[in-house]
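Visitor: For reference, the file structure22.txt (compact mmCIF, C-alpha atoms) is included below:
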```
# COMPACT_ATOMS: atom_id res chain seq x y z
CA MET M 1 48.26 106.58 27.44
CA ASN M 2 51.07 105.75 25.05
CA ILE M 3 54.14 103.66 25.85
CA LYS M 4 56.41 106.73 26.07
CA SER M 5 54.23 108.33 28.73
CA LEU M 6 54.12 105.04 30.69
CA LEU M 7 57.92 104.73 30.70
CA LEU M 8 58.36 108.33 31.79
CA GLY M 9 55.87 107.86 34.64
CA SER M 10 57.58 104.65 35.84
CA ALA M 11 61.00 106.33 35.82
CA ALA M 12 59.68 109.25 37.85
CA ALA M 13 58.17 106.86 40.43
CA LEU M 14 61.43 104.94 40.78
CA ILE M 15 63.38 108.18 41.32
CA ALA M 16 60.92 109.29 44.00
CA VAL M 17 61.12 105.97 45.85
CA SER M 18 64.91 105.92 45.65
CA GLY M 19 65.09 109.46 47.02
CA ALA M 20 62.86 108.55 49.94
CA ARG M 21 64.98 105.50 50.81
CA ALA M 22 68.15 107.55 50.56
CA ALA M 23 66.72 110.06 53.02
CA ASP M 24 65.95 107.25 55.50
CA ALA M 25 69.32 105.46 55.15
CA VAL M 26 71.27 104.74 58.40
CA VAL M 27 74.64 106.46 58.43
CA VAL M 28 77.28 104.10 59.86
CA ALA M 29 79.82 105.91 62.02
CA GLU M 30 83.49 105.48 61.30
CA PRO M 31 85.03 103.01 63.79
CA GLU M 32 87.23 104.64 66.42
CA PRO M 33 90.86 103.61 66.43
CA ALA M 34 91.52 100.68 68.78
CA GLU M 35 93.40 101.64 71.98
CA TYR M 36 95.95 98.94 72.68
CA VAL M 37 97.66 98.48 76.06
CA LYS M 38 101.10 100.02 75.96
CA ILE M 39 104.12 98.56 77.72
CA CYS M 40 105.67 100.72 80.45
CA ASP M 41 109.34 100.00 81.05
CA VAL M 42 110.08 102.92 83.39
CA TYR M 43 109.77 100.87 86.61
CA GLY M 44 110.94 97.47 85.39
CA SER M 45 109.44 94.56 83.54
CA GLY M 46 105.76 93.61 83.73
CA TYR M 47 104.30 97.12 83.85
CA PHE M 48 101.76 98.52 81.36
CA TYR M 49 99.98 101.86 81.06
CA ILE M 50 96.41 101.92 82.35
CA PRO M 51 94.50 103.03 79.18
CA GLY M 52 93.82 106.75 79.14
CA THR M 53 96.29 107.54 81.95
CA GLU M 54 99.97 108.06 82.58
CA THR M 55 99.89 105.50 85.40
CA CYS M 56 101.87 102.29 85.02
CA LEU M 57 100.42 99.12 86.58
CA ARG M 58 101.87 95.71 87.30
CA ILE M 59 99.91 92.71 88.60
CA GLY M 60 101.70 89.73 90.09
CA GLY M 61 101.85 87.36 93.02
CA TYR M 62 102.42 83.70 93.72
CA VAL M 63 100.71 80.39 94.44
CA ARG M 64 102.36 78.35 97.18
CA TYR M 65 101.92 74.94 98.78
CA ASP M 66 103.74 73.94 101.99
CA ILE M 67 104.04 70.44 103.44
CA GLY M 68 105.57 70.32 106.91
CA GLY M 69 106.29 67.57 109.39
CA GLY M 70 107.93 67.26 112.79
CA ASP M 71 107.57 69.13 116.06
CA VAL M 72 105.25 72.10 116.46
CA GLY M 73 108.08 74.06 118.11
CA SER M 74 110.07 74.05 114.86
CA PHE M 75 107.17 75.87 113.11
CA ASP M 76 106.91 72.86 110.76
CA GLY M 77 104.66 70.37 112.53
CA ALA M 78 101.04 70.00 113.61
CA THR M 79 99.01 67.87 115.98
CA SER M 80 95.47 66.59 115.52
CA ALA M 81 92.88 64.83 117.67
CA ASP M 82 92.31 61.13 117.05
CA VAL M 83 88.75 60.68 115.75
CA GLU M 84 88.24 57.46 117.74
CA ASP M 85 89.50 58.22 121.24
CA GLY M 86 90.23 61.97 121.09
CA GLY M 87 93.91 61.45 121.78
CA SER M 88 96.65 63.54 120.23
CA ASN M 89 98.36 62.49 116.98
CA ASP M 90 101.23 64.14 115.14
CA THR M 91 100.22 65.01 111.59
CA TRP M 92 101.24 66.99 108.54
CA TYR M 93 101.17 70.76 108.64
CA LYS M 94 99.90 71.88 105.25
CA LYS M 95 99.11 75.30 103.86
CA ALA M 96 98.08 76.53 100.42
CA ARG M 97 98.34 80.25 99.69
CA PHE M 98 97.41 82.59 96.88
CA SER M 99 99.09 85.98 97.08
CA LEU M 100 97.87 88.82 94.85
CA LYS M 101 100.16 91.83 94.41
CA THR M 102 99.81 95.13 92.59
CA TRP M 103 102.31 97.90 91.90
CA THR M 104 101.64 101.31 90.34
CA GLY M 105 103.97 104.14 89.37
CA GLN M 106 103.59 107.60 87.86
CA GLU M 107 105.96 110.53 87.48
CA THR M 108 104.76 113.84 88.95
CA GLU M 109 106.22 117.28 89.60
CA LEU M 110 106.72 116.20 93.25
CA GLY M 111 108.49 112.94 92.42
CA THR M 112 107.43 109.40 91.67
CA LEU M 113 103.96 108.45 92.93
CA LYS M 114 103.86 104.75 93.79
CA THR M 115 101.55 102.24 95.46
CA TYR M 116 101.99 98.63 96.49
CA THR M 117 99.44 96.12 97.76
CA GLU M 118 99.54 92.46 98.72
CA THR M 119 96.57 90.35 99.83
CA ARG M 120 96.99 86.73 100.95
CA PHE M 121 94.41 83.92 100.91
CA ASN M 122 95.24 80.76 102.90
CA PHE M 123 93.83 77.27 103.34
CA GLY M 124 95.14 74.56 105.66
CA ASN M 125 95.42 73.41 109.25
CA ARG M 126 97.34 75.15 112.04
CA ASN M 127 100.94 74.85 113.17
CA GLY M 128 99.56 73.95 116.59
CA TYR M 129 97.61 71.55 118.76
CA PRO M 130 93.97 70.45 119.06
CA SER M 131 92.02 72.18 121.81
CA ALA M 132 89.99 70.29 124.38
CA ASP M 133 86.45 71.13 125.45
CA ASP M 134 86.12 73.02 128.72
CA PRO M 135 83.57 71.08 130.84
CA ALA M 136 82.85 74.22 132.87
CA THR M 137 81.17 75.91 129.89
CA GLU M 138 78.12 74.95 127.85
CA ALA M 139 79.78 75.70 124.50
CA ASP M 140 81.48 72.92 122.57
CA GLU M 141 85.08 74.17 122.39
CA PHE M 142 86.66 71.01 121.03
CA ASN M 143 88.82 71.71 117.98
CA SER M 144 90.68 68.87 116.30
CA ASN M 145 92.87 71.28 114.26
CA PRO M 146 91.07 70.69 110.95
CA ALA M 147 92.06 72.14 107.60
CA GLY M 148 89.97 75.05 106.35
CA ASN M 149 89.98 78.55 104.97
CA LYS M 150 91.89 81.00 107.14
CA ASN M 151 91.53 84.74 107.52
CA VAL M 152 92.36 86.82 104.45
CA SER M 153 95.23 89.16 105.33
CA LEU M 154 96.12 92.58 103.93
CA ASN M 155 99.90 92.51 104.20
CA PHE M 156 100.72 95.69 102.28
CA ALA M 157 98.67 98.68 101.12
CA TRP M 158 100.79 101.83 100.98
CA ILE M 159 101.10 105.03 98.96
CA GLN M 160 104.46 106.69 98.39
CA LEU M 161 105.22 110.11 96.90
CA GLY M 162 108.92 110.77 96.60
CA GLY M 163 110.34 109.58 99.91
CA LEU M 164 107.09 109.84 101.91
CA ARG M 165 105.17 106.61 102.49
CA VAL M 166 101.85 106.14 104.30
CA GLY M 167 99.65 103.10 104.81
CA LYS M 168 99.92 99.43 105.72
CA ASP M 169 103.49 98.12 105.62
CA GLU M 170 105.91 96.04 107.63
CA SER M 171 107.99 97.78 110.27
CA ALA M 172 111.09 99.66 109.12
CA PHE M 173 112.81 97.92 112.04
CA ASP M 174 112.79 94.86 109.75
CA THR M 175 112.42 96.11 106.17
CA PHE M 176 115.14 98.78 106.25
CA ILE M 177 117.80 96.58 107.82
CA GLY M 178 116.60 93.43 106.03
CA TYR M 179 114.95 90.17 106.99
CA ALA M 180 117.19 87.72 108.79
CA GLY M 181 118.00 85.26 105.97
CA ASN M 182 116.84 83.30 102.95
CA VAL M 183 115.51 80.42 105.04
CA LEU M 184 111.79 79.72 105.39
CA GLN M 185 111.71 79.71 109.20
CA ASP M 186 113.87 82.76 109.91
CA THR M 187 112.07 83.69 113.17
CA LEU M 188 112.90 80.69 115.38
CA VAL M 189 114.61 83.45 117.36
CA PRO M 190 112.45 86.46 116.43
CA TYR M 191 114.00 89.77 115.38
CA GLY M 192 110.98 92.10 115.53
CA ASP M 193 107.29 92.16 114.68
CA PHE M 194 106.06 93.09 111.21
CA ASP M 195 102.48 94.31 110.60
CA THR M 196 101.85 98.00 111.16
CA ASN M 197 100.48 101.19 109.66
CA VAL M 198 103.23 103.73 109.00
CA VAL M 199 103.94 107.36 108.25
CA GLN M 200 107.48 107.06 106.97
CA TYR M 201 110.13 109.05 105.15
CA TYR M 202 113.04 107.49 103.24
CA PHE M 203 116.00 109.62 102.18
CA ASP M 204 118.67 108.62 99.66
CA ALA M 205 121.67 110.88 100.24
CA GLY M 206 123.74 109.42 97.38
CA ASN M 207 127.19 107.80 97.51
CA GLY M 208 125.64 104.75 99.16
CA PHE M 209 124.11 106.56 102.17
CA SER M 210 120.40 106.32 102.99
CA ALA M 211 118.18 106.91 106.01
CA VAL M 212 114.64 106.30 107.21
CA VAL M 213 112.33 107.67 109.92
CA SER M 214 109.08 105.79 110.55
CA LEU M 215 106.13 106.55 112.85
CA GLU M 216 104.33 103.26 113.46
CA GLU M 217 101.09 102.03 115.00
CA GLY M 218 102.06 98.45 115.80
CA SER M 219 99.51 95.64 115.81
CA GLY M 220 97.81 93.17 118.12
CA PHE M 221 98.69 93.68 121.79
CA ASP M 222 101.48 96.03 120.68
CA THR M 223 99.13 98.56 119.03
CA ILE M 224 99.83 102.03 120.44
CA ASP M 225 97.67 102.80 123.47
CA SER M 226 97.67 106.62 123.06
CA TYR M 227 98.40 109.31 120.45
CA VAL M 228 102.13 108.67 120.87
CA PRO M 229 103.46 106.48 118.02
CA HIS M 230 106.21 103.92 118.04
CA VAL M 231 109.27 105.44 116.33
CA VAL M 232 111.95 103.81 114.16
CA GLY M 233 115.07 105.43 112.69
CA GLY M 234 117.76 103.88 110.52
CA LEU M 235 120.99 104.57 108.62
CA LYS M 236 122.58 102.49 105.85
CA TYR M 237 125.82 102.56 103.88
CA THR M 238 125.87 100.40 100.73
CA GLN M 239 128.81 99.64 98.44
CA GLY M 240 129.82 96.93 95.99
CA TRP M 241 131.21 94.76 98.79
CA GLY M 242 127.92 94.80 100.73
CA ALA M 243 126.32 97.06 103.33
CA ILE M 244 126.31 98.10 106.97
CA THR M 245 122.97 99.09 108.49
CA GLY M 246 121.68 100.20 111.87
CA VAL M 247 118.15 100.73 113.19
CA VAL M 248 116.82 101.90 116.55
CA ALA M 249 113.20 101.77 117.74
CA TYR M 250 111.20 103.26 120.60
CA ASP M 251 108.24 101.27 121.95
CA SER M 252 105.83 103.97 123.15
CA ASN M 253 103.63 101.55 125.10
CA TYR M 254 106.32 100.09 127.34
CA GLU M 255 108.78 102.99 126.91
CA GLU M 256 111.63 100.69 125.92
CA VAL M 257 114.31 100.99 123.23
CA ALA M 258 115.71 98.33 120.90
CA GLY M 259 118.33 98.42 118.18
CA LYS M 260 119.98 96.21 115.57
CA VAL M 261 123.19 96.46 113.56
CA ARG M 262 123.81 94.36 110.46
CA LEU M 263 126.75 93.66 108.18
CA ASP M 264 126.21 92.18 104.69
CA ILE M 265 129.19 91.12 102.60
CA THR M 266 129.67 89.43 99.23
CA PRO M 267 133.13 87.83 99.35
CA MET M 268 132.51 85.96 96.10
CA GLN M 269 130.08 86.38 93.22
CA ASN M 270 128.10 83.31 94.27
CA LEU M 271 128.33 83.77 98.05
CA SER M 272 126.60 86.32 100.29
CA LEU M 273 126.91 86.42 104.09
CA PHE M 274 125.32 88.44 106.87
CA ILE M 275 125.55 88.86 110.61
CA MET M 276 123.10 90.88 112.69
CA GLY M 277 123.08 91.72 116.39
CA GLY M 278 120.25 93.10 118.49
CA TYR M 279 120.04 94.72 121.90
CA GLY M 280 117.04 96.07 123.80
CA THR M 281 116.02 97.30 127.21
CA ASP M 282 113.28 95.30 128.95
CA ASP M 283 112.58 96.57 132.48
CA ASN M 284 108.93 97.33 131.68
CA LEU M 285 108.58 94.40 129.29
CA THR M 286 109.32 92.04 132.20
CA ASP M 287 107.15 93.89 134.73
CA SER M 288 104.29 91.52 135.56
CA SER M 289 102.32 94.30 137.29
CA TYR M 290 101.35 95.76 133.89
CA ALA M 291 97.71 95.18 132.90
CA ILE M 292 99.04 93.66 129.67
CA ASP M 293 102.11 91.68 130.71
CA ALA M 294 104.54 91.60 127.76
CA GLY M 295 106.37 88.57 129.09
CA GLY M 296 109.71 90.10 128.15
CA ARG M 297 108.89 90.53 124.47
CA GLY M 298 107.80 93.79 122.82
CA PHE M 299 106.92 94.89 119.31
CA TYR M 300 110.59 95.48 118.47
CA LYS M 301 112.58 93.53 121.06
CA GLN M 302 110.92 90.18 120.48
CA TRP M 303 113.97 88.07 121.25
CA GLY M 304 114.55 86.62 124.74
CA GLY M 305 116.63 88.72 127.12
CA ASN M 306 118.51 91.87 126.22
CA TRP M 307 120.64 90.63 123.33
CA ALA M 308 120.51 88.27 120.36
CA PHE M 309 122.31 87.59 117.10
CA TRP M 310 121.53 86.08 113.71
CA GLY M 311 123.98 84.99 111.02
CA GLY M 312 123.89 83.09 107.77
CA GLY M 313 124.27 83.25 104.06
CA THR M 314 123.42 82.02 100.59
CA TYR M 315 125.71 79.99 98.33
CA THR M 316 124.62 79.79 94.70
CA ILE M 317 125.60 76.30 93.53
CA ASN M 318 124.55 76.86 89.92
CA GLU M 319 122.04 78.93 87.98
CA LYS M 320 119.15 76.79 89.30
CA THR M 321 120.24 75.76 92.79
CA SER M 322 121.15 77.64 95.98
CA PHE M 323 121.98 76.63 99.55
CA ASN M 324 120.74 78.84 102.40
CA ALA M 325 121.54 78.62 106.11
CA GLN M 326 120.94 80.62 109.28
CA VAL M 327 121.90 80.35 112.97
CA SER M 328 120.28 82.48 115.69
CA TYR M 329 120.71 82.73 119.46
CA ASP M 330 119.49 84.97 122.28
CA GLU M 331 120.25 85.66 125.96
CA TRP M 332 117.53 83.24 127.06
CA LYS M 333 119.58 80.47 125.40
CA ASN M 334 117.13 79.92 122.55
CA LEU M 335 119.08 78.44 119.63
CA GLY M 336 117.60 78.28 116.14
CA VAL M 337 119.18 76.57 113.13
CA ALA M 338 117.67 76.41 109.66
CA ALA M 339 119.07 75.25 106.32
CA ASN M 340 117.54 74.59 102.90
CA ILE M 341 118.15 73.82 99.27
CA ALA M 342 116.15 75.91 96.78
CA TYR M 343 115.84 74.61 93.22
CA ASP M 344 114.34 76.53 90.29
CA VAL M 345 112.62 73.80 88.29
CA VAL M 346 111.74 76.25 85.52
CA PRO M 347 111.69 80.07 85.58
CA GLY M 348 109.05 81.14 88.09
CA PHE M 349 108.65 77.73 89.77
CA THR M 350 110.84 76.97 92.81
CA VAL M 351 110.92 73.94 95.12
CA THR M 352 112.57 74.41 98.53
CA ALA M 353 113.38 71.68 101.07
CA GLU M 354 114.29 72.88 104.58
CA VAL M 355 115.27 71.38 107.94
CA ASP M 356 114.71 73.43 111.13
CA TYR M 357 115.87 73.00 114.73
CA LEU M 358 115.04 74.90 117.91
CA ASN M 359 116.53 74.39 121.36
CA ALA M 360 114.52 76.34 123.94
CA GLY M 361 117.17 76.92 126.56
CA LYS M 362 114.83 77.90 129.41
CA PHE M 363 112.02 75.47 128.58
CA ASP M 364 112.03 74.01 132.10
CA ASP M 365 111.94 77.39 133.86
CA ALA M 366 108.70 78.50 135.50
CA ASN M 367 108.70 81.83 133.65
CA PHE M 368 109.61 80.39 130.22
CA SER M 369 108.33 82.58 127.36
CA ASN M 370 107.28 80.10 124.67
CA PHE M 371 107.49 82.01 121.38
CA THR M 372 107.25 78.97 119.05
CA ASN M 373 104.61 77.11 121.12
CA ALA M 374 107.05 74.24 121.70
CA ASP M 375 105.99 71.28 123.82
CA LYS M 376 109.55 70.17 124.59
CA LYS M 377 113.02 71.63 124.92
CA SER M 378 114.38 70.51 121.54
CA SER M 379 112.18 70.65 118.43
CA ILE M 380 113.05 69.54 114.92
CA GLY M 381 111.06 69.54 111.71
CA GLY M 382 111.15 69.89 107.96
CA LEU M 383 109.23 71.80 105.32
CA LEU M 384 108.82 71.26 101.60
CA ARG M 385 107.61 74.31 99.64
CA PHE M 386 106.35 74.55 96.07
CA GLN M 387 105.98 78.09 94.78
CA ARG M 388 104.93 79.47 91.40
CA SER M 389 105.65 83.20 91.21
CA PHE M 390 104.28 85.43 88.49
```
Do you think you could lay out the structure here as structure tokens?

Guide:
Amino acid sequence: MNIKSLLLGSAAALIAVSGARAADAVVVAEPEPAEYVKICDVYGSGYFYIPGTETCLRIGGYVRYDIGGGDVGSFDGATSADVEDGGSNDTWYKKARFSLKTWTGQETELGTLKTYTETRFNFGNRNGYPSADDPATEADEFNSNPAGNKNVSLNFAWIQLGGLRVGKDESAFDTFIGYAGNVLQDTLVPYGDFDTNVVQYYFDAGNGFSAVVSLEEGSGFDTIDSYVPHVVGGLKYTQGWGAITGVVAYDSNYEEVAGKVRLDITPMQNLSLFIMGGYGTDDNLTDSSYAIDAGGRGFYKQWGGNWAFWGGGTYTINEKTSFNAQVSYDEWKNLGVAANIAYDVVPGFTVTAEVDYLNAGKFDDANFSNFTNADKKSSIGGLLRFQRSF
């Protein structure tokens, strides 16, 4: 074999090997384009498109820490059992909360499709008293009012298409007319219960007019006891000066009616005021022959007696600080006063210091309905709240 033949043979072998390797080579696929989250500004800030959909999603909530002191009847205090002798000691009322919220929105041929949820997680002791052991039972029922994890609550979980809303909400008796004020303890004289499932329709007629009709289930002892729902209806007129709103509700369990009328005004750019009056019938709510005695308070007419009023306002001192106050009173001579200073330390972080007072006018009466669990006629307390909202 000459050198020329050897070189030709080697070249042929190399070509054969190279061809075989080329046939076995792994083909690397082209990378797919990255799909980045897109901002959705249709429904306000904080929304983004869920990848691959036309649905906009926002996730938010808050972390809160409350420190309260004073009388239990002001909603600010707590009492604990002494570890040595089992006696009763006043102590701090403390509560930490994490609230997780979600909002979604999407445009459809039938209108805007929206959802809203809020779930709350709480840790702390109770705004209440220690419980003693009942010697007549074998179980150990002693409770010193310790701090601990509390029940997780689903506060909102509704779906809305156009004006139709279904799901877990708060009663339109409160949400449509508005909560009483910007104080922390706005229910020293209550103005209606909150938690309920709803089938609700909201109508915006334009020119400042709007209306709502809500079929509601109630909750707790006020859950409907048949197929007949509680019913709420409301009308509102809103202009630049403020608003006037009215709501009326039918309690299907006790067959009673309650209503509220509210006036909101803004006399100055940094001052807003409101006054709200309520009236309700209560013949069946005060009938002790009922299997479930309402004690004069229903799902909607929670105040004492037939009538009550609430008034207050917010004065914005500067861009970081506001002063809020509220006074409330009902026919049973329950007087509630609350006032606070709210200070925005930085955007999203607010510290609020509040003082609260309750005078339970009929505390000494035999049939006194004790809404705030007060242990004396006049209760006073204070609450300091730290809240980071996001």

Visitor: Show me the residues around (104.8, 105.0, 85.3) - criterion: an atom at most 12 Å away, only C-alpha atoms counted - as JSON, numbers by chain.

Guide: {"M": [38, 39, 40, 41, 42, 43, 44, 45, 46, 47, 48, 49, 50, 53, 54, 55, 56, 57, 58, 103, 104, 105, 106, 107, 108, 111, 112, 113, 114, 115]}

Visitor: Where's the centre, and what are the edge lengths in Å to one decimal, of a box along x, y and z enclosing all listed atoms of region 111-116 of chain M padded 3 Å per side, as JSON?

Guide:
```
{"center_x": 105.0, "center_y": 105.8, "center_z": 94.1, "size_x": 12.9, "size_y": 20.3, "size_z": 10.8}
```

Visitor: Just want the 7 Å neighbourhood of Val351 (chain M), counted on only C-alpha atoms, with same-chain residues fewer than 6 positions away dropped. Output as a list in words.

Guide: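 Listing them by chain and then by number gives Ala342, Tyr343, Asp344, Arg385, Phe386 and Gln387 of chain M.
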
Visitor: When distances are computed from all atoms listed in the file, which of M:Gly206, M:Gly304, M:Gly296, M:Pro51 shows the smallest separation from Asn284 (chain M)?

Guide: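 Under the stated criterion, the closest residue is M:Gly296.
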
Visitor: For Ser272 (chain M), which residue among M:Gly162, M:Tyr237, M:Ser322, M:Tyr254 is the nearest when counting all atoms listed in the file?

Guide: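 For Ser272 (chain M), the nearest of the given residues is M:Ser322.
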